[in-house]
$ cat target.cif   # mmCIF, C-alpha atoms and all ligand atoms
data_run
#
loop_
_atom_site.label_atom_id
_atom_site.label_comp_id
_atom_site.auth_asym_id
_atom_site.auth_seq_id
_atom_site.Cartn_x
_atom_site.Cartn_y
_atom_site.Cartn_z
CA MET A 630 -45.06 91.41 49.76
CA LYS A 631 -48.68 91.07 50.78
CA LYS A 632 -51.08 93.65 49.32
CA LYS A 633 -53.93 95.32 51.14
CA ILE A 634 -57.28 95.54 49.35
CA LEU A 635 -60.15 97.73 50.51
CA PHE A 636 -63.60 97.10 49.01
CA ILE A 637 -66.06 99.98 49.28
CA LEU A 638 -69.74 99.13 48.83
CA GLY A 639 -73.08 100.46 50.04
CA THR A 640 -76.09 99.27 48.05
CA ARG A 641 -77.79 95.94 47.38
CA PRO A 642 -76.43 95.37 43.86
CA GLU A 643 -72.87 96.34 44.82
CA ALA A 644 -72.86 93.81 47.62
CA ILE A 645 -74.31 91.05 45.40
CA LYS A 646 -71.83 91.74 42.62
CA LEU A 647 -68.76 92.20 44.84
CA ALA A 648 -69.48 89.22 47.12
CA PRO A 649 -67.85 86.59 44.85
CA LEU A 650 -64.79 88.83 44.37
CA ILE A 651 -64.40 89.56 48.08
CA SER A 652 -64.57 85.85 48.71
CA ARG A 653 -61.83 85.19 46.07
CA PHE A 654 -59.49 87.73 47.66
CA LYS A 655 -60.24 86.44 51.17
CA SER A 656 -59.35 82.92 50.14
CA ASN A 657 -55.93 84.21 48.96
CA GLU A 658 -54.84 85.17 52.46
CA SER A 659 -51.16 84.54 51.81
CA SER A 660 -51.14 87.28 49.13
CA PHE A 661 -53.85 89.71 50.23
CA ASP A 662 -55.25 91.30 53.36
CA THR A 663 -58.85 92.09 52.42
CA TYR A 664 -61.04 94.70 54.11
CA VAL A 665 -64.64 95.68 53.42
CA CYS A 666 -66.11 99.11 54.12
CA SER A 667 -69.85 99.67 53.81
CA THR A 668 -71.00 103.26 53.47
CA GLY A 669 -74.43 102.01 54.55
CA GLN A 670 -76.02 103.87 51.61
CA HIS A 671 -78.63 101.10 51.88
CA LYS A 672 -79.64 99.53 55.17
CA GLU A 673 -82.18 96.67 55.18
CA MET A 674 -81.58 95.89 51.51
CA LEU A 675 -77.83 95.65 52.10
CA ASP A 676 -78.11 93.57 55.28
CA GLN A 677 -80.15 90.98 53.34
CA VAL A 678 -77.18 90.47 51.01
CA THR A 679 -74.30 90.58 53.46
CA ASP A 680 -76.09 87.97 55.60
CA PHE A 681 -76.63 85.56 52.68
CA PHE A 682 -73.10 85.84 51.28
CA GLU A 683 -71.60 85.97 54.79
CA ILE A 684 -69.68 89.16 54.00
CA ASN A 685 -67.91 90.47 57.07
CA ILE A 686 -68.10 94.29 57.14
CA ASP A 687 -64.94 95.67 58.76
CA PHE A 688 -66.05 99.31 58.67
CA ASP A 689 -69.71 100.35 58.65
CA LEU A 690 -70.32 104.06 58.11
CA GLU A 691 -74.13 103.63 58.54
CA LEU A 692 -74.89 106.71 56.45
CA MET A 693 -78.41 106.01 55.13
CA THR A 694 -81.16 108.44 56.08
CA LYS A 695 -84.77 108.37 54.92
CA ASN A 696 -85.25 109.82 51.42
CA GLN A 697 -81.62 110.98 51.34
CA SER A 698 -80.56 113.55 48.76
CA LEU A 699 -77.72 112.86 46.36
CA THR A 700 -75.70 115.81 47.62
CA SER A 701 -75.99 115.09 51.33
CA LEU A 702 -75.18 111.40 50.87
CA SER A 703 -72.23 112.22 48.59
CA SER A 704 -70.68 114.70 50.99
CA LYS A 705 -71.07 112.33 53.94
CA ILE A 706 -69.45 109.47 52.02
CA LEU A 707 -66.52 111.64 51.00
CA SER A 708 -65.85 113.04 54.46
CA SER A 709 -66.28 109.69 56.23
CA LEU A 710 -64.02 107.58 54.03
CA ASP A 711 -60.76 109.38 54.89
CA THR A 712 -60.61 107.84 58.36
CA VAL A 713 -61.06 104.32 56.97
CA ILE A 714 -58.51 104.82 54.19
CA ASN A 715 -55.98 106.25 56.66
CA GLU A 716 -56.46 103.34 59.02
CA VAL A 717 -56.19 100.56 56.39
CA LYS A 718 -53.66 102.25 54.08
CA PRO A 719 -54.67 99.97 51.20
CA ASN A 720 -52.64 99.31 48.04
CA TYR A 721 -55.85 99.06 46.04
CA ILE A 722 -59.39 100.29 46.52
CA PHE A 723 -62.15 98.45 44.67
CA VAL A 724 -65.46 100.09 43.78
CA HIS A 725 -68.32 98.75 41.72
CA GLY A 726 -70.54 100.16 39.00
CA ASP A 727 -72.29 103.49 39.18
CA THR A 728 -73.74 104.36 42.57
CA THR A 729 -73.02 107.36 44.79
CA THR A 730 -70.95 105.03 46.96
CA SER A 731 -68.80 103.96 44.02
CA SER A 732 -68.12 107.37 42.48
CA PHE A 733 -67.45 109.10 45.80
CA GLY A 734 -65.45 106.07 46.96
CA ALA A 735 -63.31 106.51 43.85
CA ILE A 736 -62.88 110.24 44.49
CA ALA A 737 -61.84 109.55 48.11
CA ALA A 738 -59.31 106.99 46.86
CA PHE A 739 -57.95 109.48 44.33
CA TYR A 740 -57.53 112.22 46.97
CA ASN A 741 -55.50 109.73 48.99
CA GLN A 742 -53.55 108.64 45.87
CA ILE A 743 -54.61 105.01 46.15
CA SER A 744 -54.97 102.85 43.01
CA VAL A 745 -58.58 102.21 42.06
CA GLY A 746 -60.03 99.03 40.54
CA HIS A 747 -63.41 99.61 38.89
CA VAL A 748 -65.61 96.52 38.62
CA GLU A 749 -68.34 96.65 35.95
CA ALA A 750 -66.50 99.39 34.07
CA GLY A 751 -67.33 100.93 30.72
CA LEU A 752 -71.14 100.84 30.65
CA ARG A 753 -72.52 103.90 28.86
CA THR A 754 -75.79 105.30 27.47
CA PHE A 755 -74.11 108.62 26.50
CA ASP A 756 -77.18 110.35 27.95
CA LYS A 757 -76.18 112.48 30.94
CA TYR A 758 -79.59 112.26 32.64
CA SER A 759 -80.52 108.66 31.87
CA PRO A 760 -79.92 106.73 33.97
CA PHE A 761 -79.62 109.53 36.51
CA PRO A 762 -77.20 109.93 38.21
CA GLU A 763 -75.59 106.62 37.24
CA GLU A 764 -74.35 107.61 33.77
CA MET A 765 -72.19 110.40 35.19
CA ASN A 766 -71.21 108.36 38.27
CA ARG A 767 -69.65 105.63 36.18
CA SER A 768 -68.02 108.09 33.79
CA ILE A 769 -66.39 109.88 36.75
CA THR A 770 -65.20 106.58 38.21
CA GLY A 771 -63.87 105.58 34.79
CA ARG A 772 -61.74 108.76 34.65
CA ILE A 773 -60.25 108.02 38.07
CA ALA A 774 -59.80 104.24 37.89
CA ASP A 775 -56.39 102.65 37.30
CA PHE A 776 -57.79 99.21 36.43
CA HIS A 777 -61.03 98.73 34.51
CA PHE A 778 -62.85 95.41 34.75
CA ALA A 779 -65.21 95.53 31.78
CA PRO A 780 -67.96 92.90 31.74
CA THR A 781 -68.20 92.74 27.93
CA ASN A 782 -66.26 93.67 24.79
CA GLU A 783 -68.75 96.50 24.13
CA ALA A 784 -67.91 97.99 27.53
CA LYS A 785 -64.21 97.70 26.72
CA THR A 786 -64.76 99.52 23.41
CA ASN A 787 -66.47 102.38 25.26
CA LEU A 788 -63.41 102.73 27.49
CA LEU A 789 -60.94 102.62 24.60
CA ASN A 790 -62.99 105.33 22.87
CA GLU A 791 -62.33 107.45 25.98
CA ASN A 792 -58.57 106.89 25.51
CA ILE A 793 -58.18 104.51 28.43
CA ASP A 794 -54.96 102.48 28.16
CA GLU A 795 -55.89 99.05 26.74
CA ASN A 796 -53.39 97.33 29.07
CA LYS A 797 -55.42 98.53 32.02
CA VAL A 798 -58.71 97.11 30.75
CA CYS A 799 -59.62 93.49 31.39
CA VAL A 800 -62.78 91.89 29.95
CA THR A 801 -64.09 89.63 32.68
CA GLY A 802 -67.82 88.97 32.29
CA ASN A 803 -70.10 90.31 34.99
CA THR A 804 -69.50 89.12 38.55
CA VAL A 805 -73.29 89.00 39.01
CA ILE A 806 -73.27 85.70 37.13
CA ASP A 807 -70.72 84.33 39.63
CA ALA A 808 -73.11 85.42 42.40
CA LEU A 809 -76.15 83.97 40.68
CA LEU A 810 -74.54 80.57 40.11
CA TYR A 811 -73.46 80.48 43.75
CA ALA A 812 -77.02 81.29 44.86
CA VAL A 813 -78.61 78.71 42.55
CA GLU A 814 -76.23 76.05 43.90
CA LYS A 815 -76.86 77.05 47.52
CA LEU A 816 -80.63 77.04 46.96
CA ASN A 817 -80.55 73.26 46.49
CA ASN A 818 -80.32 72.65 50.20
CA TYR A 819 -81.27 75.90 51.80
CA LYS A 820 -84.18 76.63 54.11
CA ASN A 821 -85.48 80.11 53.49
CA GLU A 822 -88.54 81.52 55.20
CA GLU A 823 -89.24 84.04 52.42
CA ILE A 824 -89.34 81.25 49.84
CA GLU A 825 -91.80 79.31 51.99
CA ILE A 826 -94.06 82.39 52.18
CA LEU A 827 -93.78 82.92 48.40
CA LYS A 828 -94.80 79.31 47.79
CA LYS A 829 -98.01 80.04 49.67
CA THR A 830 -98.54 83.41 47.95
CA ILE A 831 -98.16 82.59 44.27
CA ASN A 832 -100.64 80.63 42.19
CA LYS A 833 -98.69 77.91 40.37
CA ASN A 834 -101.38 77.61 37.70
CA LYS A 835 -100.89 81.16 36.46
CA LYS A 836 -98.09 82.82 34.51
CA ILE A 837 -96.08 84.82 37.02
CA ILE A 838 -95.03 88.31 35.96
CA LEU A 839 -92.25 89.55 38.23
CA VAL A 840 -91.86 93.32 38.50
CA THR A 841 -89.22 95.61 40.01
CA GLY A 842 -88.45 99.29 39.53
CA HIS A 843 -86.48 102.07 41.17
CA ARG A 844 -84.86 104.39 38.60
CA ARG A 845 -84.88 108.07 39.51
CA GLU A 846 -85.63 109.17 35.95
CA ASN A 847 -88.89 107.16 36.19
CA PHE A 848 -90.10 108.87 39.40
CA GLY A 849 -93.47 110.62 39.02
CA GLN A 850 -95.09 110.17 35.60
CA GLY A 851 -92.95 107.15 34.65
CA PHE A 852 -94.00 105.17 37.72
CA GLN A 853 -97.64 106.20 37.30
CA ASN A 854 -97.50 104.88 33.72
CA ILE A 855 -95.90 101.64 34.91
CA CYS A 856 -98.59 101.18 37.58
CA ASN A 857 -101.35 101.80 35.03
CA ALA A 858 -99.77 99.25 32.71
CA LEU A 859 -99.66 96.68 35.52
CA LEU A 860 -103.32 97.32 36.31
CA GLU A 861 -104.17 96.69 32.67
CA ILE A 862 -102.02 93.53 32.44
CA SER A 863 -103.50 92.16 35.69
CA LYS A 864 -106.98 92.06 34.08
CA SER A 865 -105.91 88.92 32.21
CA LYS A 866 -107.05 85.98 34.34
CA ASP A 867 -104.15 83.67 33.52
CA VAL A 868 -101.42 85.96 34.87
CA GLU A 869 -100.42 86.97 38.36
CA ILE A 870 -98.16 89.91 39.12
CA ILE A 871 -95.71 89.83 41.99
CA TYR A 872 -93.85 93.02 42.77
CA PRO A 873 -91.14 93.28 45.46
CA VAL A 874 -91.23 97.04 46.02
CA HIS A 875 -87.94 98.94 46.42
CA LEU A 876 -87.80 100.82 49.75
CA ASN A 877 -87.17 104.25 48.21
CA PRO A 878 -90.18 106.35 49.43
CA ASN A 879 -90.53 107.85 45.92
CA VAL A 880 -91.26 104.33 44.72
CA VAL A 881 -93.21 102.86 47.67
CA ASP A 882 -95.64 105.78 47.92
CA THR A 883 -96.64 105.72 44.24
CA VAL A 884 -96.82 101.95 43.99
CA ASN A 885 -98.93 101.64 47.15
CA LYS A 886 -101.24 104.41 46.00
CA TYR A 887 -102.01 102.76 42.66
CA LEU A 888 -101.58 99.04 43.24
CA SER A 889 -102.51 98.17 46.86
CA ASN A 890 -105.28 95.61 47.28
CA LYS A 891 -105.77 94.91 43.57
CA SER A 892 -106.66 91.42 42.44
CA ASN A 893 -103.89 89.49 40.64
CA ILE A 894 -101.24 91.87 42.05
CA HIS A 895 -99.09 91.03 45.09
CA LEU A 896 -96.95 93.82 46.50
CA VAL A 897 -94.21 92.47 48.77
CA LYS A 898 -91.14 93.89 50.54
CA PRO A 899 -87.73 93.54 48.85
CA LEU A 900 -86.78 89.87 48.91
CA ASN A 901 -83.52 88.46 50.13
CA TYR A 902 -81.27 87.37 47.25
CA PRO A 903 -81.93 83.60 47.29
CA ALA A 904 -85.70 84.20 47.49
CA PHE A 905 -85.51 86.64 44.60
CA VAL A 906 -83.50 84.17 42.51
CA TRP A 907 -86.04 81.47 43.35
CA LEU A 908 -88.85 83.78 42.24
CA MET A 909 -87.09 84.75 38.99
CA ASN A 910 -86.90 81.05 38.24
CA LYS A 911 -90.63 80.62 38.83
CA SER A 912 -91.58 83.64 36.69
CA TYR A 913 -92.74 83.64 33.12
CA ILE A 914 -91.74 87.22 32.25
CA ILE A 915 -89.80 89.88 34.17
CA LEU A 916 -90.72 93.56 33.86
CA THR A 917 -88.04 95.80 35.35
CA ASP A 918 -85.83 98.88 35.11
CA SER A 919 -83.05 97.14 37.06
CA GLY A 920 -79.56 96.74 35.64
CA GLY A 921 -78.62 93.56 37.50
CA ILE A 922 -81.82 91.74 36.59
CA GLN A 923 -81.21 92.38 32.87
CA GLU A 924 -77.93 90.51 33.34
CA GLU A 925 -79.17 87.65 35.52
CA ALA A 926 -82.44 86.69 33.82
CA PRO A 927 -80.89 85.22 30.63
CA SER A 928 -79.03 82.64 32.75
CA LEU A 929 -82.43 81.43 33.95
CA GLY A 930 -83.94 81.58 30.44
CA LYS A 931 -86.37 84.37 31.38
CA PRO A 932 -87.24 87.23 29.00
CA VAL A 933 -86.89 90.73 30.42
CA LEU A 934 -88.97 93.70 29.33
CA VAL A 935 -86.96 96.77 30.27
CA MET A 936 -89.15 99.70 31.34
CA ARG A 937 -86.70 102.41 30.35
CA ASN A 938 -86.05 104.53 27.29
CA ASN A 939 -82.44 103.44 26.91
CA THR A 940 -80.03 100.93 28.41
CA GLU A 941 -76.30 100.78 29.01
CA ARG A 942 -76.66 97.02 28.56
CA PRO A 943 -77.17 96.78 24.77
CA GLU A 944 -75.87 93.20 24.58
CA GLY A 945 -79.19 91.80 25.83
CA VAL A 946 -81.19 93.86 23.35
CA LYS A 947 -78.91 92.79 20.49
CA THR A 948 -79.01 89.09 21.33
CA GLY A 949 -82.73 89.26 22.14
CA THR A 950 -82.76 88.35 25.84
CA THR A 951 -84.16 91.79 26.72
CA ILE A 952 -86.75 93.99 25.01
CA LEU A 953 -86.66 97.73 25.61
CA VAL A 954 -90.30 98.76 26.13
CA GLY A 955 -89.99 102.34 27.43
CA THR A 956 -92.25 103.85 30.09
CA GLU A 957 -95.46 104.54 28.18
CA THR A 958 -98.44 102.54 29.50
CA LYS A 959 -99.72 101.44 26.08
CA GLN A 960 -96.37 100.13 24.91
CA ILE A 961 -95.65 98.19 28.15
CA VAL A 962 -99.06 96.51 27.94
CA LYS A 963 -98.71 95.74 24.23
CA LYS A 964 -95.22 94.23 24.45
CA THR A 965 -96.19 92.15 27.48
CA ASN A 966 -99.32 90.82 25.84
CA ASP A 967 -97.43 90.12 22.58
CA LEU A 968 -94.93 88.01 24.47
CA LEU A 969 -97.63 86.25 26.49
CA ALA A 970 -99.38 85.33 23.25
CA ASN A 971 -96.36 84.22 21.21
CA LYS A 972 -95.08 80.92 22.60
CA GLU A 973 -92.61 80.45 19.76
CA LEU A 974 -90.94 83.80 20.41
CA TYR A 975 -91.05 83.14 24.15
CA ASP A 976 -89.33 79.76 23.84
CA SER A 977 -86.68 81.11 21.48
CA ILE A 978 -85.70 83.84 23.98
CA GLY A 979 -85.19 81.20 26.66
CA GLN A 980 -82.56 79.48 24.50
CA ILE A 981 -80.30 82.53 24.02
CA LYS A 982 -76.87 82.33 25.65
CA ASN A 983 -76.31 84.90 28.38
CA PRO A 984 -74.09 87.65 26.91
CA TYR A 985 -73.08 88.96 30.35
CA GLY A 986 -70.83 86.28 31.74
CA ASP A 987 -69.92 82.69 32.50
CA GLY A 988 -69.38 82.74 36.27
CA GLU A 989 -65.59 83.18 36.07
CA ALA A 990 -65.39 86.97 36.32
CA SER A 991 -64.02 87.10 39.86
CA ILE A 992 -61.14 84.74 39.18
CA ARG A 993 -60.17 86.82 36.12
CA ILE A 994 -60.11 89.97 38.23
CA LEU A 995 -58.07 88.29 40.97
CA ASN A 996 -55.55 86.99 38.42
CA PHE A 997 -55.24 90.42 36.81
CA ILE A 998 -54.44 92.05 40.17
CA LYS A 999 -52.00 89.25 41.03
CA SER A 1000 -50.17 89.83 37.79
CA GLU A 1001 -50.15 93.64 38.34
CA SER A 1002 -48.70 93.02 41.82
CA ASN A 1003 -46.18 90.41 40.63
CA ILE A 1004 -47.81 87.77 42.79
CA LYS A 1005 -47.59 84.20 41.48
C1 LIG A 1101 -79.42 103.34 44.66
C2 LIG A 1101 -78.44 103.77 43.58
C3 LIG A 1101 -78.79 103.14 42.25
C4 LIG A 1101 -78.94 101.64 42.37
C5 LIG A 1101 -79.93 101.32 43.47
C6 LIG A 1101 -80.01 99.85 43.70
C7 LIG A 1101 -77.44 105.99 43.69
C8 LIG A 1101 -77.64 107.45 43.44
N1 LIG A 1101 -78.49 105.23 43.42
O1 LIG A 1101 -80.69 103.91 44.35
O2 LIG A 1101 -77.78 103.44 41.29
O3 LIG A 1101 -79.38 101.13 41.14
O4 LIG A 1101 -79.50 101.93 44.70
O5 LIG A 1101 -81.13 99.49 44.46
O6 LIG A 1101 -76.40 105.58 44.13
N2 LIG A 1101 -84.02 102.87 51.46
C9 LIG A 1101 -84.37 102.23 52.64
N3 LIG A 1101 -83.70 101.07 52.96
C10 LIG A 1101 -82.75 100.52 52.16
C11 LIG A 1101 -82.44 101.18 50.95
C12 LIG A 1101 -83.08 102.36 50.63
O7 LIG A 1101 -85.22 102.68 53.39
O8 LIG A 1101 -82.21 99.47 52.50
C13 LIG A 1101 -84.72 104.17 51.15
C14 LIG A 1101 -84.21 105.32 52.02
O9 LIG A 1101 -85.28 106.17 52.31
C15 LIG A 1101 -83.19 106.00 51.10
C16 LIG A 1101 -83.88 105.85 49.76
O10 LIG A 1101 -84.44 104.53 49.78
O11 LIG A 1101 -82.95 107.35 51.46
C17 LIG A 1101 -83.01 106.02 48.55
O12 LIG A 1101 -81.82 105.22 48.62
P1 LIG A 1101 -80.60 105.59 47.63
O13 LIG A 1101 -79.51 104.60 47.84
O14 LIG A 1101 -80.23 107.02 47.78
O15 LIG A 1101 -81.21 105.44 46.21
P2 LIG A 1101 -81.78 104.16 45.47
O16 LIG A 1101 -83.00 104.61 44.77
O17 LIG A 1101 -81.85 103.03 46.41
N1 LIG A 1102 -82.81 91.72 44.00
C1 LIG A 1102 -83.02 91.13 45.25
N2 LIG A 1102 -84.26 91.28 45.85
C2 LIG A 1102 -85.27 91.98 45.27
C3 LIG A 1102 -85.03 92.61 44.01
C4 LIG A 1102 -83.79 92.46 43.41
O1 LIG A 1102 -82.13 90.49 45.80
O2 LIG A 1102 -86.35 92.07 45.86
C5 LIG A 1102 -81.48 91.59 43.37
C6 LIG A 1102 -81.47 91.19 41.91
O3 LIG A 1102 -81.44 89.79 41.78
C7 LIG A 1102 -80.20 91.85 41.39
C8 LIG A 1102 -80.07 93.10 42.24
O4 LIG A 1102 -80.90 92.89 43.38
O5 LIG A 1102 -79.04 91.05 41.63
C9 LIG A 1102 -80.52 94.31 41.47
O6 LIG A 1102 -80.63 95.39 42.31
P1 LIG A 1102 -81.39 96.71 41.90
O7 LIG A 1102 -82.42 96.40 40.88
O8 LIG A 1102 -81.83 97.34 43.17
O9 LIG A 1102 -80.23 97.62 41.32
P2 LIG A 1102 -79.56 97.78 39.88
O10 LIG A 1102 -79.09 96.45 39.43
O11 LIG A 1102 -80.58 98.38 38.97
O12 LIG A 1102 -78.45 98.74 40.15
#
$ encode --input "target.cif" --output "structure tokens" --more "lines below"
Ligand code: UD1
Ligand code: UDP
Amino acid sequence: MKKKILFILGTRPEAIKLAPLISRFKSNESSFDTYVCSTGQHKEMLDQVTDFFEINIDFDLELMTKNQSLTSLSSKILSSLDTVINEVKPNYIFVHGDTTTSSFGAIAAFYNQISVGHVEAGLRTFDKYSPFPEEMNRSITGRIADFHFAPTNEAKTNLLNENIDENKVCVTGNTVIDALLYAVEKLNNYKNEEIEILKKTINKNKKIILVTGHRRENFGQGFQNICNALLEISKSKDVEIIYPVHLNPNVVDTVNKYLSNKSNIHLVKPLNYPAFVWLMNKSYIILTDSGGIQEEAPSLGKPVLVMRNNTERPEGVKTGTTILVGTETKQIVKKTNDLLANKELYDSIGQIKNPYGDGEASIRILNFIKSESNIK
């Protein structure tokens, strides 16, 4: 008997990380009917991804509003999903990671007594407010989920420590590596206007420092510190900073206030995925608070300085692909300059094997669900 799968996604990273999995299920048409529902938690930043990966959205709830609050978005997601779930009547609902879309998607699935598959399960900082609200979002989803697709053994251990049944946990690697490898391959013969503009923007003779940031716990003082650190780093004549600024007004307003029209700093709009991958490849160092970028950069041999006080991705810190630098100006500047000055350390980081995956995560998830459903 064919099974019906409903993917619920809403933000840029969910779409990037679910794209390879959606494509796997879609290419198994004889076993699965696959549907995709976007909550529209993100708008422009989501469209960039669905276009590139050619994801067909069957249901678009179009919920994003400017500077949305967590509570209003959550309640709208919950009340809107019932109609979709009732129409599709899926056997399984898949959610990803730790966003408002994923946790409230999981709750909606639970209220309708539909089995939940959680992709990127088991990440924890054990700090309720950092990252906020993601730490609680993924813990809630973990309580509800029936199947837990843990990217690493550490993530699996976190789940087992919460008394999750080991038979329902599958270590898969992170699907973001599947997505990244697909993008790198497609970039070989791909015309992309944003890449052409970037080629004209960046100075090939300088070391490119790529920056992104959007974490809620960094709003206010944290972002001011980060901007001050970037101003300090940009004084060095052999570096150039390029910063695709997240569209959250709490980010854009601060970043524009401190960093507009400064020499050696380019502020640009969020880049489409292939352009961002291209730019990561051209960078020397990446400064970020992003989760996905911590996972992708090691595959491209790029060191990541994580501008946060903790991370649910300890594997990179342990193996040395990422360095946790916090959000104090002095420390960000020092760690960046140390790395710029130490070629030996820099080169050694580039050699470290990516601890987050091998590009086969989606097929492992598909096979797990096939086996659960007694599909050969
Ligand atoms: C969300 C997720 C976060 C994830 C991040 C990825 C939650 C609570 N937060 O944070 O876990 O790491 O996405 O980027 O789920 N906006 C636009 N256009 C867009 C996207 C956002 O204008 O395409 C603006 C809107 O004003 C929106 C605001 O950004 O209200 C905040 O978006 P929201 O999804 O609530 O939070 P993020 O900071 O993007
Ligand atoms: N990314 C992108 N364009 C950008 C910045 C990031 O496509 O301008 C990609 C990046 O490669 C990664 C994902 O977006 O796959 C990370 O998203 P984000 O940092 O918004 O969220 P997080 O991973 O922290 O949840």
$ closest_atom_pairs --input "target.cif" --of "chain A" --to "ligand LIG 1102 (chain A)" --cutoff "9 Å" --atoms "only C-alpha atoms and all ligand atoms" --output "CSV"
residue,atom,partner,partner_atom,distance
A:Thr640,CA,A:LIG1102,O8,7.8
A:Arg641,CA,A:LIG1102,O6,5.8
A:Pro642,CA,A:LIG1102,O6,4.5
A:Glu643,CA,A:LIG1102,O12,7.7
A:Ile645,CA,A:LIG1102,O5,6.0
A:Lys646,CA,A:LIG1102,O5,7.3
A:Met674,CA,A:LIG1102,N2,7.8
A:Gln677,CA,A:LIG1102,O1,7.8
A:Val678,CA,A:LIG1102,O1,7.2
A:Gly726,CA,A:LIG1102,O12,8.1
A:Asp727,CA,A:LIG1102,O12,7.8
A:Thr728,CA,A:LIG1102,O12,7.7
A:Glu763,CA,A:LIG1102,O12,8.9
A:Val805,CA,A:LIG1102,O5,6.6
A:Ala808,CA,A:LIG1102,O5,8.2
A:Leu809,CA,A:LIG1102,O5,7.7
A:Val840,CA,A:LIG1102,C3,8.8
A:Thr841,CA,A:LIG1102,C3,6.5
A:Gly842,CA,A:LIG1102,O7,6.8
A:His843,CA,A:LIG1102,O8,6.9
A:Arg844,CA,A:LIG1102,O11,7.4
A:Tyr872,CA,A:LIG1102,O2,8.2
A:Pro873,CA,A:LIG1102,O2,5.0
A:Val874,CA,A:LIG1102,O2,7.0
A:His875,CA,A:LIG1102,O2,7.1
A:Val897,CA,A:LIG1102,O2,8.4
A:Lys898,CA,A:LIG1102,O2,6.9
A:Pro899,CA,A:LIG1102,O2,3.6
A:Leu900,CA,A:LIG1102,O2,3.8
A:Asn901,CA,A:LIG1102,O1,5.0
A:Tyr902,CA,A:LIG1102,O1,3.5
A:Pro903,CA,A:LIG1102,O1,7.1
A:Ala904,CA,A:LIG1102,N2,7.4
A:Phe905,CA,A:LIG1102,N2,5.0
A:Val906,CA,A:LIG1102,O3,6.0
A:Met909,CA,A:LIG1102,O3,8.1
A:Thr917,CA,A:LIG1102,O7,7.9
A:Asp918,CA,A:LIG1102,O11,6.5
A:Ser919,CA,A:LIG1102,O11,3.4
A:Gly920,CA,A:LIG1102,O10,3.8
A:Gly921,CA,A:LIG1102,O10,3.5
A:Ile922,CA,A:LIG1102,C7,5.1
A:Gln923,CA,A:LIG1102,O10,8.0
A:Glu924,CA,A:LIG1102,O5,8.4
A:Glu925,CA,A:LIG1102,O5,7.0
A:Ala926,CA,A:LIG1102,O3,8.6
$ write_last_selection --input "target.cif" --atoms "C-alpha atoms" --output "short mmCIF file (atom, residue, chain, number, x, y, z; two decimals), in the coordinates of the input"
data_model
loop_
_atom_site.label_atom_id
_atom_site.label_comp_id
_atom_site.auth_asym_id
_atom_site.auth_seq_id
_atom_site.Cartn_x
_atom_site.Cartn_y
_atom_site.Cartn_z
CA THR A 640 -76.09 99.27 48.05
CA ARG A 641 -77.79 95.94 47.38
CA PRO A 642 -76.43 95.37 43.86
CA GLU A 643 -72.87 96.34 44.82
CA ILE A 645 -74.31 91.05 45.40
CA LYS A 646 -71.83 91.74 42.62
CA MET A 674 -81.58 95.89 51.51
CA GLN A 677 -80.15 90.98 53.34
CA VAL A 678 -77.18 90.47 51.01
CA GLY A 726 -70.54 100.16 39.00
CA ASP A 727 -72.29 103.49 39.18
CA THR A 728 -73.74 104.36 42.57
CA GLU A 763 -75.59 106.62 37.24
CA VAL A 805 -73.29 89.00 39.01
CA ALA A 808 -73.11 85.42 42.40
CA LEU A 809 -76.15 83.97 40.68
CA VAL A 840 -91.86 93.32 38.50
CA THR A 841 -89.22 95.61 40.01
CA GLY A 842 -88.45 99.29 39.53
CA HIS A 843 -86.48 102.07 41.17
CA ARG A 844 -84.86 104.39 38.60
CA TYR A 872 -93.85 93.02 42.77
CA PRO A 873 -91.14 93.28 45.46
CA VAL A 874 -91.23 97.04 46.02
CA HIS A 875 -87.94 98.94 46.42
CA VAL A 897 -94.21 92.47 48.77
CA LYS A 898 -91.14 93.89 50.54
CA PRO A 899 -87.73 93.54 48.85
CA LEU A 900 -86.78 89.87 48.91
CA ASN A 901 -83.52 88.46 50.13
CA TYR A 902 -81.27 87.37 47.25
CA PRO A 903 -81.93 83.60 47.29
CA ALA A 904 -85.70 84.20 47.49
CA PHE A 905 -85.51 86.64 44.60
CA VAL A 906 -83.50 84.17 42.51
CA MET A 909 -87.09 84.75 38.99
CA THR A 917 -88.04 95.80 35.35
CA ASP A 918 -85.83 98.88 35.11
CA SER A 919 -83.05 97.14 37.06
CA GLY A 920 -79.56 96.74 35.64
CA GLY A 921 -78.62 93.56 37.50
CA ILE A 922 -81.82 91.74 36.59
CA GLN A 923 -81.21 92.38 32.87
CA GLU A 924 -77.93 90.51 33.34
CA GLU A 925 -79.17 87.65 35.52
CA ALA A 926 -82.44 86.69 33.82
#
$ closest_residue --input "target.cif" --among "A:Asn971, A:Thr948, A:Asn939, A:Thr965" --to "Pro760 in chain A" --atoms "all atoms listed in the file"
A:Asn939
$ residues_around --input "target.cif" --residues "Pro649 in chain A" --least-positions-apart "5" --cutoff "8 Å" --atoms "only C-alpha atoms" --output "compact mmCIF listing (two decimals) with C-alpha atoms, in the frame of the given file"
# COMPACT_ATOMS: atom_id res chain seq x y z
CA THR A 804 -69.50 89.12 38.55
CA ASP A 807 -70.72 84.33 39.63
CA ALA A 808 -73.11 85.42 42.40
CA SER A 991 -64.02 87.10 39.86
$ residues_near_point --input "target.cif" --point "(-42.9, 91.7, 52.3)" --cutoff "12 Å" --atoms "all atoms listed in the file" --output "list in words"
Met630, Lys631, Lys632, Lys633, Ser659, Ser660, Phe661 and Ile1004 of chain A
$ residues_around --input "target.cif" --residues "Thr663 in chain A" --least-positions-apart "4" --cutoff "10 Å" --atoms "all atoms listed in the file" --output "list of chain:residue names"
A:Lys632, A:Lys633, A:Ile634, A:Leu635, A:Phe636, A:Ile651, A:Ser652, A:Arg653, A:Phe654, A:Lys655, A:Ser656, A:Asn657, A:Glu658, A:Asp687, A:Val717, A:Pro719, A:Tyr721
